[in-house]
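Enquirer: Have a look at this one.
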Amino acid sequence: MGLDRPLAGLGAGMKVTPHQHGGVPEQAGRAVDPVSVPLSLPGPLPTWTETHCPYCALQCGMRVGLLDQRWEVSGRDFAVNAGNLCRKGWTAAELLDAPDRLRAPLMRRARGEPLASVSWDEALTFVVGKLGALTAAHGPDAIGVFGGGGLTNETAYMLGKFARVVLRSKHIDYNGRFCMASAAAAAQRALGIDRGLPFPISDLASAQAILLVGANPAETMPPLMRYFDEQRARGGCLIVADPRRTLTAQAAAIHLPIALGSDAALANGLLHVAIRDKLVDVDYIANRTVGFEDARQAVAAYWPDRVERLTGIAARRLVEVAHIIAEAPSAMVITGRGPEQQVQGVNNVLGFINLMLALGKIGKPASGWGCLTGQGNGQGGREHGQKADQLPGYRSLRDPAHRATVAARWGVPESELPPAGPSAMEMLRDLGEPGGVRGLLVMGSNLVVSAPDAAALQARLAKLDLLVVSDIFLSDTAALADVVLPVAEWAEHEGTMTNLEGRLLHRRPARRPPSGVRTDLEILKAIADGLGRGAFVSDEPEVVFDELAGVSAGGVADYAGMSYQRLRAGEALYWPCHAPDDPGTPRLFGERFPTADGRARFHAVRCGAAAEEPDDEYPLYLTTGRLLAHYQSGTQTMRVKALRAAEPEPFVEIHPQLAQSHGIAAGDRVRLCTRRGAGSFTARLSPGMRLDTLFVPFHFSGEGRANTLTQAALDPISKIPEFKIAAVRMERVADLPTEVTTPSPGGAPG
Ligand code: SF4
C-alpha cells in the first residue's frame, strides 16, 4: 500500500530493497543512510542527485535527474520511504520548468497598477527604501515577516535573525502556527521537549497497538502506510479515531467515528477506564511523573456512558480500546491535525499524553505518544527562530538567559533583541492598524488560501503600505503584493530539513536556479546589505548551517554536533546532537524527561466547547483537510497536470442521507455558508461521513476556498486557529433564488 505508480527511473546501479523492518541500519554504533552518495560542491553536479521530496514532513528520499532532456524524479532506498513515493513526489520535477514559473521580479509602479517585470536592482532598491522609510516613520515593529514550514533550516534560521537583528522587529511568525503549534505546546508542557515523533518512524511497525487520532496518512503521506501494514502483519492492532471513514480508517481494525471537538472526552474516557480497571502503571507514575492526582480527578467525570454521549463512540467500544492499548506490551497514540487544529488543541493533545503516561508507555520500546508533522520542515521551521516567541535551539525570547546567550552569539547587545511577538493570526489581525504591521515580507507561504477567515485577511492585506512576497509562482498572495521576488525551487539550492522524526536531512541541488531567480538566502542578504546590516547575514547555506548549529549549542534543539560533512558521509542524525562525536538521539525519554526534575507532567484536562457550535441558522459541522493529489494551498500541485486532473475542483463530502434530506445528489453544485462567507462546491456522497458533518479539502482558491468558511478563533496557549470546526449551512445551488457564488480572490490557482 502507499504507491501510486511503480518504481521507475532508478539511477544506474541503484536497487530499491526495502529494509525488512523499515528500520535504520546500524554501522559501528551509528545509524547511516545506506545509499547516500557524497556530493562535492562546488563543481559539476551529478546527473542524478540524491535529495528529498519538496512537500510533506515525511521527506521521502528521492533522486532528481535529467532524463531525455526532462527533469525526472526516481525513488531511492532511503530509510523512511524505502523507494516509495506518493504521486506528489513522483511528479515534483514537473514544476522545475513550469511555463508560468516566475523568472523576474514583479512590481507595481503605483497602487492599482498591474504587476510588471522589473530588474532585481529596481525591486530591491524599492523594497529597501520602503522598509527604511516605514521603520523611520513608525518604528521597527512596523515591519513584519511571515515565513513557512517548507523553508529549509538555513532559511528559517536566517529569517528569524533577519527579523530580530536586521529589522529589529518583534513581528515574525510562520504558517507552522497553523499546523503544529498545539502538539508542540503540549509536548513542551508535558514532556519538556517538542519533537514530533520522539522515536524513529520504524518503531511504528513494532507497536502492538496504535491509536491514530485525526490523521489520514493514507492520503497525506502514503509511504508511511507500509509501517502500519507491517504492524498489522505482525499481529498489531491499528485503531483510527476520525469523524470520517478515511482511507486510513478503512485500513484499521477499529474505526472510532468521533464527533468533532470531542477528542479530549475520548482521551479522558480512555484514562477513566484505565484507572477504573486498574490498568495504569503505578510504579511508572510514581517514579517518572508528577501531577497524576490532578489528572485522575479531572477524568473521574468521564465515565463510558457519558463519553458515548459526548463522542458518539459506544461505551463498550471505549472500554475495548482502553484495554487494547493498556494491555499491549507496546502501544502508541499518534495525533494529527484533527485534534490539534481546535481551540482546545493543546488540551486535546495533553489528554492523550496523560493516557500514555498513566499507562507507563512513554519512553518504552515502540511505545509512547507522537504527532505527525505536516509541512516539509514544520519541525525545523520552529526550532531555529522563525516562531514569534522562539530563538534558535528552541530557546525562549521570554527567558533572559536564553536571550543573553543568543545575543552574544549574534554579536548584538541583549537589549537590542526585540521581545516575543504576537502569534501569526494576532499579527495578521492587526495589519495596517496603529501599532501593527505596515510592511509585510512573506516568504514561502500562500496565506490568502491557507489562513482562516481568508476573505477578512485579504481585506487587511490591502491596508498595508508594503506587501513583498517571494514565491516560485504568482500565488494568490503574491498576486496582491506590491513586489514579488522569484525564488529557487527545492532542487536548485542546498539546505537541510528536519523531518517528522527530528532527523536532519540534506537537500542537495540538482541544478542551478534559472536566470533571474535567486535563493531565499540571497534575497535576505541583499535586503540586509541595502539596510546596512549585511554583516549579520550570509547567503551560503553551509556557512549558515554551521552558524545555526553553533547558536543552538546548549539549547533544547541542540544541533551543535551536526554538519554537512556528517550528512555527506551518510550519517542519520537525530537531534539533540551535542558534539561532532555524538551519534544523536533517535529515541527520547528512555531514562528521564528533559524537565527540571527529569519527570513528565500530567495535566488536568477537561473537554470544552468549540468556538462555534451548530445552531438553527448554521445547523451542521464543517471540517477541512487534505487530499492525496494536492499539497497545502495548491500553489505547486495545482500546476502538475496529473495532480490537477486527479482532483480538479473543490468538493464537499456529504453522507448520502444528509444529502437526500437537502435534495442534493452526487455532482450537484452546493453552496456552503458560514458566518465568515460562502463558497460553491461539487457534492460528493460518502457513507463514511457522519450525519452531522461536512468535509471540504482546503487546497482550492476562488469560490471553492475552504478558508473563506473557517474561523480565526485561537487556542489560548498555542494560538492555532480552529480550522477543524465551524458551523455551516448547506444549500443546493439550483434551489437558491439569487446568484450564489462568492467573488474569486483572483490570482493564480492557490
Ligand atoms: Fe513522500 Fe510526502 Fe513527498 Fe509524498 S509528499 S513523496 S509522502 S514526502
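Ligands are numbered from 1 in the order shown, chains are lettered A, B, ... in the order of the C-alpha cells, and residues start at 1 in each chain.
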Can you pull out every residue from region 201-313 of chain A that DSSP, working from the backbone, puts in helix (DSSP H, G or I), and format the result as a ChimeraX atom specification?
Expert: /A:201-206,217-220,222-233,247-250,263-276,282-288,292-299,304-311
Enquirer: For region 197-203 of chain A, work out the shell of residues within 9 Å, counting only C-alpha atoms and skipping chain neighbours fewer than 4 positions away, then give it as a ChimeraX atom specification.
Expert: /A:21-24,79-80,207,224,227,334,363,365-373,500-503,574,585-589
Enquirer: Near region 703-707 of chain A, within 9 Å and counting only C-alpha atoms, which residues show up once chain neighbours fewer than 2 positions away are dropped, as a VMD selection string?
Expert: chain A and resid 448 to 455 624 649 to 651 678 to 681 696 to 701 709 to 711 723 741 to 745 750
Enquirer: When the cut-off is 7 Å and you count only C-alpha atoms and all ligand atoms, which residues lie near ligand 1, shown as a list in words?
Expert: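 The residues near ligand 1 are Cys53, Pro54, Tyr55, Cys56, Ala57, Leu58, Gln59, Cys60, Leu85, Cys86, Arg87, Lys88, Gly89, Trp90, Thr220, Met221, Pro222 and Pro223 of chain A.
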Enquirer: Could you dump the residues just selected with N, CA and C atoms as a compact mmCIF listing (two decimals), in the first residue's frame?
Expert:
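What ended up in result-v4.txt:
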# COMPACT_ATOMS: atom_id res chain seq x y z
N CYS A 53 12.02 14.90 -1.09
CA CYS A 53 10.81 15.46 -1.70
C CYS A 53 10.58 16.91 -1.26
N PRO A 54 10.02 17.74 -2.12
CA PRO A 54 9.77 19.13 -1.71
C PRO A 54 8.54 19.32 -0.83
N TYR A 55 7.77 18.28 -0.63
CA TYR A 55 6.47 18.51 0.02
C TYR A 55 6.48 18.16 1.51
N CYS A 56 5.86 17.04 1.90
CA CYS A 56 5.45 16.89 3.30
C CYS A 56 6.59 16.46 4.23
N ALA A 57 6.24 16.36 5.52
CA ALA A 57 7.24 16.13 6.57
C ALA A 57 7.83 14.73 6.56
N LEU A 58 7.28 13.82 5.76
CA LEU A 58 7.91 12.51 5.64
C LEU A 58 9.26 12.66 4.95
N GLN A 59 9.36 13.67 4.08
CA GLN A 59 10.63 13.97 3.39
C GLN A 59 11.24 12.72 2.77
N CYS A 60 10.44 12.06 1.95
CA CYS A 60 10.90 10.83 1.29
C CYS A 60 12.18 11.08 0.52
N LEU A 85 7.26 6.57 -3.18
CA LEU A 85 6.87 7.97 -3.18
C LEU A 85 5.37 8.02 -3.44
N CYS A 86 4.72 9.09 -3.04
CA CYS A 86 3.33 9.26 -3.44
C CYS A 86 3.30 10.03 -4.76
N ARG A 87 2.13 10.22 -5.30
CA ARG A 87 2.05 10.83 -6.64
C ARG A 87 2.55 12.28 -6.64
N LYS A 88 2.49 12.92 -5.52
CA LYS A 88 3.03 14.28 -5.45
C LYS A 88 4.55 14.24 -5.62
N GLY A 89 5.17 13.30 -4.94
CA GLY A 89 6.62 13.18 -5.06
C GLY A 89 7.06 12.79 -6.46
N TRP A 90 6.36 11.81 -7.04
CA TRP A 90 6.74 11.34 -8.39
C TRP A 90 6.71 12.47 -9.41
N THR A 220 -2.35 11.67 3.06
CA THR A 220 -1.42 12.78 3.20
C THR A 220 0.05 12.35 3.05
N MET A 221 0.38 11.14 3.47
CA MET A 221 1.76 10.64 3.30
C MET A 221 1.71 9.12 3.08
N PRO A 222 1.26 8.69 1.90
CA PRO A 222 1.03 7.26 1.66
C PRO A 222 2.21 6.34 1.96
N PRO A 223 3.47 6.72 1.69
CA PRO A 223 4.55 5.76 2.00
C PRO A 223 4.61 5.39 3.48
Enquirer: Would you give me, as a PyMOL selection string, the residues in region 378-580 of chain A that DSSP reads as strand (DSSP E)?
Expert: chain A and resi 390-391+395-396+439-443+466-471+483-486+495-498+503-507+573-574
Enquirer: For those residues, write C-alpha atoms to a file as an mmCIF file, in the first residue's frame.
Expert:
data_model
loop_
_atom_site.group_PDB
_atom_site.id
_atom_site.type_symbol
_atom_site.label_atom_id
_atom_site.label_comp_id
_atom_site.auth_asym_id
_atom_site.auth_seq_id
_atom_site.Cartn_x
_atom_site.Cartn_y
_atom_site.Cartn_z
ATOM 1 C CA GLN A 390 11.403 31.421 19.985
ATOM 2 C CA LEU A 391 15.088 31.849 19.370
ATOM 3 C CA ARG A 395 15.242 28.955 23.240
ATOM 4 C CA SER A 396 12.640 31.363 24.545
ATOM 5 C CA GLY A 439 5.021 46.448 5.710
ATOM 6 C CA LEU A 440 4.959 42.638 5.430
ATOM 7 C CA LEU A 441 7.526 40.274 3.910
ATOM 8 C CA VAL A 442 6.046 36.850 3.085
ATOM 9 C CA MET A 443 8.441 34.023 2.322
ATOM 10 C CA LEU A 466 4.040 47.420 1.553
ATOM 11 C CA LEU A 467 3.499 43.746 0.774
ATOM 12 C CA VAL A 468 6.505 41.806 -0.531
ATOM 13 C CA VAL A 469 6.072 38.130 -1.423
ATOM 14 C CA SER A 470 8.789 35.745 -2.505
ATOM 15 C CA ASP A 471 7.499 32.641 -4.243
ATOM 16 C CA VAL A 483 6.654 43.410 -5.090
ATOM 17 C CA VAL A 484 7.054 39.732 -5.993
ATOM 18 C CA LEU A 485 10.504 38.148 -5.792
ATOM 19 C CA PRO A 486 11.051 34.874 -7.697
ATOM 20 C CA GLY A 495 19.954 23.150 2.541
ATOM 21 C CA THR A 496 18.748 20.923 5.317
ATOM 22 C CA MET A 497 15.317 19.865 6.509
ATOM 23 C CA THR A 498 14.321 18.226 9.783
ATOM 24 C CA ARG A 503 16.164 13.690 11.769
ATOM 25 C CA LEU A 504 18.309 16.144 9.833
ATOM 26 C CA LEU A 505 18.237 15.622 6.052
ATOM 27 C CA HIS A 506 20.395 17.030 3.309
ATOM 28 C CA ARG A 507 18.691 18.593 0.318
ATOM 29 C CA LEU A 573 21.461 12.461 12.715
ATOM 30 C CA TYR A 574 18.589 12.994 15.143
#
Enquirer: From the options A:Arg566, A:Lys641, A:Arg732, A:Arg403, which residue's atoms come nearest to Val670 (chain A), counting only C-alpha atoms?
Expert: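 So, comparing all the options, the nearest one is A:Arg732.
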Enquirer: Considering only C-alpha atoms, can you say which of A:Leu96, A:Arg103, A:Asp141, A:Gly65 comes closest to Val487 (chain A)?
Expert: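 Among A:Leu96, A:Arg103, A:Asp141, A:Gly65, it is A:Arg103 that comes nearest to Val487 (chain A).
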Enquirer: Taking 3 positions as the minimum chain separation for residues in the same chain, which residues sit within 6 Å of Leu643 (chain A) when counting only C-alpha atoms? Answer as a PyMOL selection string.
Expert: chain A and resi 629+640+646
Enquirer: Using CA of Ala264 (chain A) and CA of Cys607 (chain A) as the two end points, give the distance in Å to one decimal.
Expert: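 Rounded to one decimal, the two atoms are 5.0 Å apart.
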Enquirer: List as a JSON list (two decimals) with N, CA and C atoms, in the first residue's frame the protein and nucleic acid residues near Asp97 (chain A), meaning an atom at most 12 Å away when only C-alpha atoms are counted, but skip any in the same chain fewer than 4 places from it.
Expert:
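part_7.json was written with the following content:
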[["chain", "number", "residue", "atom", "x", "y", "z"],
["A", 66, "LEU", "N", 18.25, 14.50, -15.03],
["A", 66, "LEU", "CA", 17.82, 14.79, -16.39],
["A", 66, "LEU", "C", 17.71, 13.48, -17.15],
["A", 69, "GLN", "N", 16.33, 14.98, -21.64],
["A", 69, "GLN", "CA", 16.12, 16.44, -21.60],
["A", 69, "GLN", "C", 14.97, 16.87, -20.70],
["A", 70, "ARG", "N", 14.44, 15.94, -19.91],
["A", 70, "ARG", "CA", 13.38, 16.33, -18.97],
["A", 70, "ARG", "C", 13.80, 16.00, -17.56],
["A", 71, "TRP", "N", 13.48, 16.90, -16.63],
["A", 71, "TRP", "CA", 13.79, 16.63, -15.24],
["A", 71, "TRP", "C", 12.80, 15.62, -14.69],
["A", 72, "GLU", "N", 13.35, 14.58, -14.08],
["A", 72, "GLU", "CA", 12.53, 13.48, -13.57],
["A", 72, "GLU", "C", 12.91, 13.17, -12.13],
["A", 92, "ALA", "N", 7.06, 15.79, -8.82],
["A", 92, "ALA", "CA", 7.57, 17.07, -8.31],
["A", 92, "ALA", "C", 8.45, 17.81, -9.31],
["A", 93, "ALA", "N", 9.19, 17.06, -10.14],
["A", 93, "ALA", "CA", 10.13, 17.72, -11.05],
["A", 93, "ALA", "C", 9.43, 18.50, -12.15],
["A", 101, "ARG", "N", 6.29, 29.73, -14.33],
["A", 101, "ARG", "CA", 7.20, 30.00, -13.22],
["A", 101, "ARG", "C", 7.72, 31.45, -13.29],
["A", 102, "LEU", "N", 7.84, 32.08, -12.14],
["A", 102, "LEU", "CA", 8.36, 33.45, -12.11],
["A", 102, "LEU", "C", 9.86, 33.44, -12.37],
["A", 103, "ARG", "N", 10.31, 34.28, -13.28],
["A", 103, "ARG", "CA", 11.74, 34.32, -13.63],
["A", 103, "ARG", "C", 12.31, 35.74, -13.55],
["A", 472, "ILE", "N", 7.65, 30.90, -5.88],
["A", 472, "ILE", "CA", 8.02, 30.31, -7.16],
["A", 472, "ILE", "C", 7.05, 30.76, -8.25],
["A", 473, "PHE", "N", 5.77, 30.84, -7.85],
["A", 473, "PHE", "CA", 4.70, 31.19, -8.79],
["A", 473, "PHE", "C", 3.93, 32.41, -8.27],
["A", 488, "ALA", "N", 14.30, 30.30, -5.95],
["A", 488, "ALA", "CA", 14.74, 28.99, -6.43],
["A", 488, "ALA", "C", 13.84, 27.90, -5.87],
["A", 489, "GLU", "N", 13.67, 26.83, -6.66],
["A", 489, "GLU", "CA", 12.91, 25.68, -6.18],
["A", 489, "GLU", "C", 13.80, 24.76, -5.37],
["A", 491, "ALA", "N", 15.02, 21.91, -5.77],
["A", 491, "ALA", "CA", 16.12, 21.17, -6.40],
["A", 491, "ALA", "C", 17.21, 22.10, -6.92],
["A", 492, "GLU", "N", 17.14, 23.37, -6.55],
["A", 492, "GLU", "CA", 18.07, 24.35, -7.11],
["A", 492, "GLU", "C", 18.95, 25.03, -6.05],
["A", 511, "ARG", "N", 20.39, 21.21, -9.90],
["A", 511, "ARG", "CA", 20.74, 22.13, -10.98],
["A", 511, "ARG", "C", 20.82, 23.54, -10.42],
["A", 513, "PRO", "N", 19.68, 27.51, -10.21],
["A", 513, "PRO", "CA", 18.41, 28.21, -10.47],
["A", 513, "PRO", "C", 18.45, 28.85, -11.85],
["A", 514, "PRO", "N", 17.31, 28.98, -12.51],
["A", 514, "PRO", "CA", 17.31, 29.65, -13.81],
["A", 514, "PRO", "C", 17.70, 31.12, -13.67],
["A", 639, "ARG", "N", -0.52, 22.93, -10.40],
["A", 639, "ARG", "CA", 0.13, 23.17, -11.68],
["A", 639, "ARG", "C", 0.70, 21.88, -12.29],
["A", 640, "VAL", "N", 0.58, 20.78, -11.58],
["A", 640, "VAL", "CA", 1.06, 19.50, -12.10],
["A", 640, "VAL", "C", -0.13, 18.82, -12.78]]
